[in-house]
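**Student:** Hey, dropping model-v1.txt in here, compact mmCIF, C-alpha atoms:
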# COMPACT_ATOMS: atom_id res chain seq x y z
CA MET A 1 -2.86 3.30 -10.61
CA ARG A 2 -1.26 5.82 -12.97
CA PRO A 3 0.52 8.44 -10.85
CA ALA A 4 1.83 10.23 -13.96
CA VAL A 5 -1.75 11.00 -15.08
CA ILE A 6 -2.58 12.65 -11.75
CA ILE A 7 0.69 14.60 -11.62
CA VAL A 8 0.45 15.86 -15.22
CA ALA A 9 -3.20 16.86 -14.73
CA THR A 10 -2.16 18.80 -11.62
CA LEU A 11 0.64 20.52 -13.54
CA LEU A 12 -1.67 21.68 -16.32
CA LEU A 13 -4.43 22.83 -13.99
CA ASN A 14 -2.06 24.74 -11.73
CA ALA A 15 -0.32 26.45 -14.65
CA THR A 16 -3.70 27.81 -15.76
CA LEU A 17 -4.71 28.79 -12.24
CA PHE A 18 -1.46 30.64 -11.57
CA VAL A 19 -1.80 32.83 -14.66
CA VAL A 20 -5.41 33.74 -13.80
CA ASN A 21 -4.83 34.27 -10.07
CA ALA A 22 -1.65 36.29 -10.53
CA SER A 23 -3.31 38.53 -13.12
CA VAL A 24 -6.31 39.29 -10.93
CA ALA A 25 -4.13 39.73 -7.81
CA ALA A 26 -2.00 42.28 -9.66
CA VAL A 27 -4.95 44.47 -10.67
CA SER A 28 -7.09 44.03 -7.54
CA GLY A 29 -4.47 44.24 -4.80
CA SER A 30 -6.18 41.38 -2.96
CA ARG A 31 -3.81 39.40 -0.75
CA ALA A 32 -6.34 36.56 -0.55
CA VAL A 33 -6.16 36.14 -4.33
CA LEU A 34 -2.37 36.57 -4.18
CA ALA A 35 -2.28 33.74 -1.63
CA GLU A 36 -4.08 31.54 -4.15
CA ALA A 37 -1.51 32.53 -6.80
CA ILE A 38 1.41 31.74 -4.47
CA PHE A 39 -0.04 28.35 -3.65
CA THR A 40 -0.66 27.46 -7.30
CA ILE A 41 2.87 28.41 -8.41
CA THR A 42 4.48 26.44 -5.57
CA ASP A 43 2.04 23.61 -6.30
CA LEU A 44 3.16 23.76 -9.92
CA VAL A 45 6.82 23.51 -8.90
CA GLY A 46 5.99 20.72 -6.45
CA SER A 47 4.16 18.71 -9.11
CA GLY A 48 7.16 19.12 -11.41
CA LEU A 49 9.40 17.71 -8.68
CA LEU A 50 7.04 14.76 -8.21
CA LEU A 51 7.12 14.04 -11.94
CA TRP A 52 10.92 14.16 -11.91
CA GLY A 53 11.00 11.80 -8.92
CA LEU A 54 8.71 9.37 -10.73
CA HIS A 55 11.01 9.49 -13.77
CA VAL A 56 14.30 8.88 -11.95
CA SER A 57 12.78 6.18 -9.71
CA ARG A 58 12.25 4.03 -12.81
CA ARG A 59 15.94 3.87 -13.63
CA PRO A 60 17.27 0.30 -13.44
CA ALA A 61 19.34 -1.02 -10.56
CA SER A 62 23.09 -0.52 -10.85
CA HIS A 63 26.29 -1.15 -8.92
CA GLU A 64 25.78 2.14 -7.04
CA TYR A 65 22.06 1.46 -6.47
CA PRO A 66 21.71 -2.33 -6.18
CA PHE A 67 18.08 -2.14 -5.07
CA GLY A 68 17.07 0.42 -7.66
CA ARG A 69 16.11 4.04 -7.05
CA GLY A 70 12.56 3.72 -5.78
CA LYS A 71 13.32 5.97 -2.79
CA GLU A 72 13.74 8.87 -5.21
CA ARG A 73 9.96 9.18 -5.04
CA PHE A 74 10.10 9.58 -1.26
CA PHE A 75 12.85 12.20 -1.48
CA TRP A 76 11.24 14.30 -4.20
CA ALA A 77 7.84 14.02 -2.50
CA PHE A 78 9.51 15.42 0.64
CA VAL A 79 11.03 18.33 -1.32
CA SER A 80 7.67 18.93 -3.02
CA ILE A 81 5.90 19.08 0.35
CA VAL A 82 8.42 21.60 1.68
CA VAL A 83 8.03 23.80 -1.40
CA THR A 84 4.28 23.46 -1.78
CA PHE A 85 3.19 23.80 1.83
CA THR A 86 5.96 25.33 3.94
CA VAL A 87 7.37 27.88 1.48
CA ALA A 88 3.92 28.82 0.17
CA GLY A 89 2.59 29.03 3.73
CA VAL A 90 5.36 31.32 4.95
CA LEU A 91 5.00 33.63 1.93
CA THR A 92 1.23 33.76 2.36
CA LEU A 93 1.56 34.49 6.09
CA GLY A 94 3.84 37.41 5.26
CA GLU A 95 1.43 38.86 2.71
CA GLY A 96 -1.53 38.48 5.06
CA PHE A 97 0.29 40.10 7.98
CA GLU A 98 1.35 43.04 5.81
CA GLN A 99 -2.22 43.59 4.62
CA ILE A 100 -3.44 43.62 8.23
CA VAL A 101 -0.74 46.01 9.47
CA THR A 102 -0.78 48.35 6.46
CA PRO A 103 -4.03 47.69 4.60
CA GLY A 104 -3.99 48.44 0.90
CA THR A 105 -6.93 49.13 -1.36
CA VAL A 106 -8.73 46.08 -2.74
CA THR A 107 -10.45 46.67 -6.10
CA HIS A 108 -12.02 44.54 -8.85
CA LEU A 109 -13.98 42.52 -6.30
CA PRO A 110 -16.24 40.79 -8.87
CA GLU A 111 -13.20 39.54 -10.79
CA SER A 112 -11.51 38.44 -7.56
CA LEU A 113 -14.57 36.52 -6.43
CA LEU A 114 -14.87 34.91 -9.86
CA VAL A 115 -11.25 33.74 -10.00
CA VAL A 116 -11.40 32.32 -6.46
CA GLY A 117 -14.55 30.44 -7.39
CA ALA A 118 -12.85 29.15 -10.54
CA THR A 119 -9.87 28.00 -8.43
CA MET A 120 -12.23 26.02 -6.23
CA ALA A 121 -13.89 24.43 -9.28
CA VAL A 122 -10.54 23.44 -10.81
CA SER A 123 -9.39 21.89 -7.53
CA LEU A 124 -12.60 19.86 -7.42
CA ALA A 125 -11.84 18.71 -10.97
CA SER A 126 -8.34 17.66 -9.87
CA ILE A 127 -9.79 15.65 -6.99
CA TRP A 128 -12.15 14.02 -9.48
CA VAL A 129 -9.15 12.94 -11.58
CA THR A 130 -7.54 11.36 -8.52
CA LEU A 131 -10.76 9.56 -7.53
CA ARG A 132 -11.25 8.33 -11.10
CA GLU A 133 -7.73 6.87 -11.17
CA LEU A 134 -8.37 5.18 -7.83
CA ARG A 135 -11.62 3.74 -9.11
CA LEU A 136 -9.98 2.44 -12.30
CA SER A 137 -7.32 0.77 -10.16
CA ARG A 138 -10.01 -0.64 -7.83
CA LEU A 139 -8.58 1.28 -4.90
CA THR A 140 -10.26 3.52 -2.33
CA LEU A 141 -9.35 6.98 -1.11
CA LEU A 142 -8.66 5.49 2.33
CA SER A 143 -6.16 3.05 0.83
CA LEU A 144 -4.34 5.96 -0.83
CA LEU A 145 -4.20 8.01 2.39
CA GLU A 146 -2.91 4.98 4.32
CA SER A 147 -0.33 4.10 1.66
CA ALA A 148 3.31 5.14 1.29
CA ASN A 149 2.51 7.15 -1.83
CA GLN A 150 3.49 10.51 -0.35
CA GLY A 151 3.46 12.28 -3.73
CA LEU A 152 -0.14 11.47 -4.63
CA LYS A 153 -1.26 12.04 -1.04
CA SER A 154 0.30 15.51 -1.07
CA ILE A 155 -1.49 16.31 -4.35
CA PHE A 156 -4.81 15.29 -2.80
CA TYR A 157 -4.16 17.43 0.28
CA GLN A 158 -3.08 20.32 -1.95
CA ASP A 159 -6.41 20.21 -3.74
CA LEU A 160 -8.30 19.86 -0.46
CA LEU A 161 -6.51 22.82 1.10
CA THR A 162 -7.04 24.88 -2.06
CA ILE A 163 -10.77 24.34 -1.71
CA VAL A 164 -10.72 25.26 1.98
CA GLY A 165 -8.49 28.26 1.21
CA SER A 166 -10.86 29.37 -1.53
CA VAL A 167 -13.77 29.31 0.91
CA VAL A 168 -11.70 31.42 3.32
CA ALA A 169 -10.76 33.82 0.50
CA LEU A 170 -14.40 34.17 -0.58
CA ALA A 171 -15.38 34.96 2.99
CA GLY A 172 -12.60 37.56 3.24
CA LEU A 173 -13.52 39.22 -0.05
CA GLY A 174 -17.17 39.21 0.97
CA ALA A 175 -16.23 40.98 4.21
CA VAL A 176 -14.21 43.53 2.22
CA TYR A 177 -17.27 44.23 0.06
CA ARG A 178 -19.55 44.67 3.09
CA THR A 179 -17.19 46.72 5.29
CA GLY A 180 -15.01 48.54 2.79
CA SER A 181 -11.96 47.57 4.89
CA ALA A 182 -9.03 45.59 3.47
CA VAL A 183 -8.22 43.98 6.84
CA PRO A 184 -10.49 40.92 6.29
CA ASP A 185 -8.58 40.32 3.06
CA GLY A 186 -5.35 40.13 5.06
CA ILE A 187 -6.93 37.92 7.72
CA SER A 188 -8.10 35.43 5.07
CA ALA A 189 -4.57 35.30 3.60
CA LEU A 190 -3.18 34.77 7.11
CA ILE A 191 -5.56 31.86 7.72
CA GLN A 192 -4.60 30.28 4.38
CA GLY A 193 -0.93 30.57 5.33
CA LEU A 194 -1.51 28.90 8.70
CA LEU A 195 -3.38 26.04 7.04
CA LEU A 196 -0.54 25.48 4.57
CA VAL A 197 2.22 25.56 7.18
CA SER A 198 0.30 23.21 9.50
CA MET A 199 -0.29 20.66 6.74
CA GLY A 200 3.34 21.01 5.66
CA PHE A 201 4.56 20.07 9.15
CA VAL A 202 2.27 17.01 9.27
CA LEU A 203 3.28 15.69 5.83
CA THR A 204 6.98 16.45 6.39
CA ALA A 205 6.97 14.45 9.64
CA GLU A 206 5.26 11.56 7.87
CA SER A 207 7.78 11.66 5.00
CA ARG A 208 10.66 11.27 7.46
CA GLU A 209 9.64 7.67 8.21
CA TYR A 210 9.95 6.64 4.59
CA LEU A 211 13.25 8.45 4.02
CA VAL A 212 14.81 6.80 7.08
CA GLY A 213 13.60 3.33 6.06
CA ARG A 214 10.16 2.31 7.29
CA ALA A 215 9.22 -1.37 7.49
CA LEU A 216 6.09 -2.88 6.00
CA ALA A 217 2.95 -2.67 8.12
CA PRO A 218 2.83 -5.39 10.84
CA GLU A 219 -0.36 -6.90 9.40
CA ASP A 220 1.28 -7.21 5.98
CA ALA A 221 4.39 -8.78 7.52
CA ARG A 222 2.22 -11.33 9.37
CA ALA A 223 0.36 -12.20 6.17
CA MET A 224 3.67 -12.69 4.32
CA LEU A 225 4.92 -14.88 7.16
CA ALA A 226 1.83 -17.06 6.76
CA VAL A 227 2.56 -17.46 3.03
CA VAL A 228 6.10 -18.63 3.82
CA GLU A 229 5.03 -21.04 6.57
CA ARG A 230 2.53 -22.72 4.24
CA ASN A 231 5.42 -24.21 2.30
CA PRO A 232 5.94 -27.80 3.58
CA SER A 233 9.73 -27.46 3.31
CA VAL A 234 9.78 -24.65 5.87
CA ALA A 235 10.34 -25.74 9.45
CA LYS A 236 10.53 -22.29 11.05
CA VAL A 237 11.01 -18.67 10.05
CA ARG A 238 13.76 -17.31 12.29
CA SER A 239 13.70 -13.69 11.14
CA LEU A 240 11.63 -11.43 8.91
CA GLN A 241 12.84 -7.91 8.11
CA SER A 242 11.44 -5.48 5.57
CA MET A 243 11.89 -1.96 4.24
CA LEU A 244 9.89 0.17 1.83
CA LEU A 245 12.07 1.23 -1.10
CA GLY A 246 9.28 3.15 -2.81
CA PRO A 247 5.47 3.43 -2.83
CA ASP A 248 5.24 0.17 -4.79
CA ASP A 249 8.64 -1.38 -4.04
CA ALA A 250 9.76 -3.25 -0.93
CA LEU A 251 12.65 -5.38 0.30
CA LEU A 252 11.99 -8.52 2.34
CA ALA A 253 14.81 -10.41 4.06
CA LEU A 254 14.11 -13.82 5.62
CA LYS A 255 16.10 -16.30 7.69
CA ILE A 256 14.45 -19.69 7.36
CA ASN A 257 15.05 -23.09 8.94
CA PHE A 258 14.17 -25.68 6.32
CA GLN A 259 13.32 -29.31 7.03
CA ASP A 260 16.26 -31.56 7.96
CA GLY A 261 17.74 -33.90 5.38
CA MET A 262 17.12 -31.72 2.33
CA THR A 263 19.66 -31.85 -0.49
CA THR A 264 21.15 -28.72 -2.04
CA ASP A 265 18.85 -29.05 -5.06
CA GLN A 266 15.80 -29.49 -2.85
CA LEU A 267 16.84 -26.47 -0.79
CA GLU A 268 17.24 -24.31 -3.91
CA SER A 269 13.85 -25.48 -5.18
CA ALA A 270 12.19 -24.66 -1.84
CA ILE A 271 13.72 -21.14 -1.84
CA ASP A 272 12.42 -20.60 -5.38
CA GLN A 273 8.95 -21.80 -4.35
CA VAL A 274 8.82 -19.46 -1.36
CA THR A 275 10.02 -16.53 -3.50
CA GLU A 276 7.44 -17.17 -6.23
CA ALA A 277 4.63 -17.56 -3.68
CA LEU A 278 5.52 -14.25 -2.03
CA ARG A 279 5.83 -12.35 -5.31
CA GLY A 280 2.57 -13.82 -6.58
CA ALA A 281 0.70 -12.73 -3.46
CA TYR A 282 2.53 -9.39 -3.00
CA PRO A 283 3.73 -7.80 -6.27
CA LEU A 284 5.29 -4.93 -4.34
CA LEU A 285 8.02 -7.32 -3.11
CA LYS A 286 10.55 -6.54 -5.82
CA HIS A 287 13.51 -7.72 -3.71
CA ILE A 288 13.41 -10.94 -1.64
CA VAL A 289 16.48 -12.25 0.15
CA ILE A 290 16.26 -15.69 1.79
CA GLU A 291 19.02 -17.00 4.01
CA PRO A 292 18.66 -20.70 4.93
CA GLU A 293 19.73 -21.69 8.43
CA SER A 294 20.37 -25.06 9.98
Represent the supplied structure as structure tokens.
**Tutor:**
Amino acid sequence: MRPAVIIVATLLLNATLFVVNASVAAVSGSRAVLAEAIFTITDLVGSGLLLWGLHVSRRPASHEYPFGRGKERFFWAFVSIVVTFTVAGVLTLGEGFEQIVTPGTVTHLPESLLVVGATMAVSLASIWVTLRELRLSRLTLLSLLESANQGLKSIFYQDLLTIVGSVVALAGLGAVYRTGSAVPDGISALIQGLLLVSMGFVLTAESREYLVGRALAPEDARAMLAVVERNPSVAKVRSLQSMLLGPDDALLALKINFQDGMTTDQLESAIDQVTEALRGAYPLLKHIVIEPES
């Protein structure tokens, strides 16, 4: 899968959306459209942070970072989530509350409805890009949502919430047209803000696991254990520990009892065989540490 393609596509689409939404919000006074503009600009910043995280995570291992910098993607995904969902949500809540308490005039309704509809269409296009990349990589949407790829998951949820928010904004603007009151416009902005903040809390809590140092899924660990135990030189695996160092980078540490009577050369050969078998079956295992025990 090519995460850079999805992130760059999101950057370009959100840059266009922000200009259009901000322009219409300025002339119409609609807080629902302003909420869309706030979300797109924070989404734009968030996508930029994800792209930076992807860039720095590819730097080679060094003395200071012996296992590489794959966790940069977890950190910058976390920052992106805070900016995109929490900050945008709080700002949108404030705008919606103000419009409810002190309603302002909402004008240029046709233009507002058009730009919200366009925002929905662009978000659908962004989701299509993500689904196409998944299809090209022979992956499913479920596999993405269950993966450790917090950055791409947040982009998908951003697009999904933008679509839901656009529906809410359309409903609010429609109510403004029918009633002549600006209060529904504020209510729609308030609902969009609540959706953003709620999703931000969920994704932030999930990101914590990866920042702290989450292990591989138990079913994956069991499958890796089976690969090791298939080697005839292995008598017993005493310990298996793992940690995700990035969405496609993991550390596996093993303590293995090998068969009695093996020479040093035979032991080294067996360790190499186990390492190659694991890396062949699980390319995400970039770091494998095997400690032989008697």
**Student:** Output as JSON lines one row per residue of segment 150-196 of chain A within 7 Å of segment 97-101 of chain A: the closest atom pair and its distance in Å to one decimal place, counting only C-alpha atoms, sorted by chain and residue number ascending.
**Tutor:**
{"residue": "A:Val183", "atom": "CA", "partner": "A:Ile100", "partner_atom": "CA", "distance": 5.0}
{"residue": "A:Gly186", "atom": "CA", "partner": "A:Gln99", "partner_atom": "CA", "distance": 4.7}
{"residue": "A:Ile187", "atom": "CA", "partner": "A:Ile100", "partner_atom": "CA", "distance": 6.7}
{"residue": "A:Leu190", "atom": "CA", "partner": "A:Phe97", "partner_atom": "CA", "distance": 6.4}
**Student:** Using all atoms listed in the file, which of the listed residues (A:Gly213, A:Gly174, A:Gly200, A:Pro110) sits closest to Ser188 of chain A?
**Tutor:**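 Among A:Gly213, A:Gly174, A:Gly200, A:Pro110, it is A:Gly174 that comes nearest to Ser188 of chain A.
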**Student:** Considering only C-alpha atoms, can you say which of A:Leu254, A:Ile81, A:Val274, A:Val24 comes closest to Val202 of chain A?
**Tutor:**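 Checking each candidate against Val202 of chain A, we get A:Ile81 as the closest.
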**Student:** Quick one: residues within 8 Å of segment 35-50 of chain A, all atoms listed in the file, excluding same-chain residues fewer than 6 positions away - as an MDAnalysis selection string?
**Tutor:** chainID A and resid 7:8 10:11 14:15 17:19 21:22 25 73 76:77 79:81 83:85 87:89 91:92 95 116 151 155 158 162 165:166 189 192:193
**Student:** Residues within 7 Å of Leu251 of chain A, please, as a PyMOL selection string. Count all atoms listed in the file; anything in the same chain fewer than 5 positions from it doesn't count.
**Tutor:** chain A and resi 242-245+285-288
**Student:** From the list A:Glu268, A:Glu276, A:Glu64, A:Glu72, which residue is nearest Trp52 of chain A when using all atoms listed in the file?
**Tutor:**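 Closest to Trp52 of chain A, using all atoms listed in the file: A:Glu72.
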**Student:** Can you tell me, as lines of an AutoDock Vina configuration file, the centre and edge lengths (Å, one decimal) of the axis-aligned box enclosing all of segment 164-177 of chain A's listed atoms after padding each side by 8 Å?
**Tutor:**
center_x = -12.9
center_y = 34.7
center_z = 1.3
size_x = 24.8
size_y = 35.0
size_z = 21.7
**Student:** Can you work out which one of A:Leu142, A:Leu161, A:Val27, A:Ala148 has the shortest atom-to-atom distance to Val106 of chain A, counting all atoms listed in the file?
**Tutor:**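 Of all the options, A:Val27 lies closest to Val106 of chain A.
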**Student:** Please report the interatomic distance between atom CA of Lys71 of chain A and atom CA of Arg238 of chain A in Å with one decimal.
**Tutor:** 27.7 Å
**Student:** Between atom CA of Phe67 of chain A and atom CA of Thr275 of chain A, what is the distance in Å, rounded to a tenth?
**Tutor:**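 For atom CA of Phe67 of chain A relative to atom CA of Thr275 of chain A, the distance reads 16.6 Å.
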**Student:** Using atom CA of Met120 of chain A and atom CA of Leu141 of chain A as the two end points, give the distance in Å to one decimal.
**Tutor:**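 Atom-to-atom, atom CA of Met120 of chain A and atom CA of Leu141 of chain A are spaced 19.9 Å apart.
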**Student:** Got a sec: who's within 9 Å of Ser207 of chain A, counting all atoms listed in the file, leaving out chain neighbours fewer than 2 positions off, as a PyMOL selection string?
**Tutor:** chain A and resi 74-75+77-78+81+148+150+202-205+209-212
**Student:** For segment 233-236 of chain A, please output as a VMD selection string all residues within 12 Å (counting all atoms listed in the file; exclusion window: fewer than 5 positions along the same chain).
**Tutor:** chain A and resid 225 to 228 254 to 263 266 to 274 290 292 to 294
**Student:** Which residue out of A:Leu34, A:Leu252, A:Ser123, A:Arg135 has the minimum interatomic distance to Arg279 of chain A when all atoms listed in the file are used?
**Tutor:**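 Closest to Arg279 of chain A of all the choices is A:Leu252.
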**Student:** I'd like to know which of A:Ser147, A:Ser154, A:Thr107, A:Ser198 is closest to Val33 of chain A, using all atoms listed in the file.
**Tutor:** A:Thr107
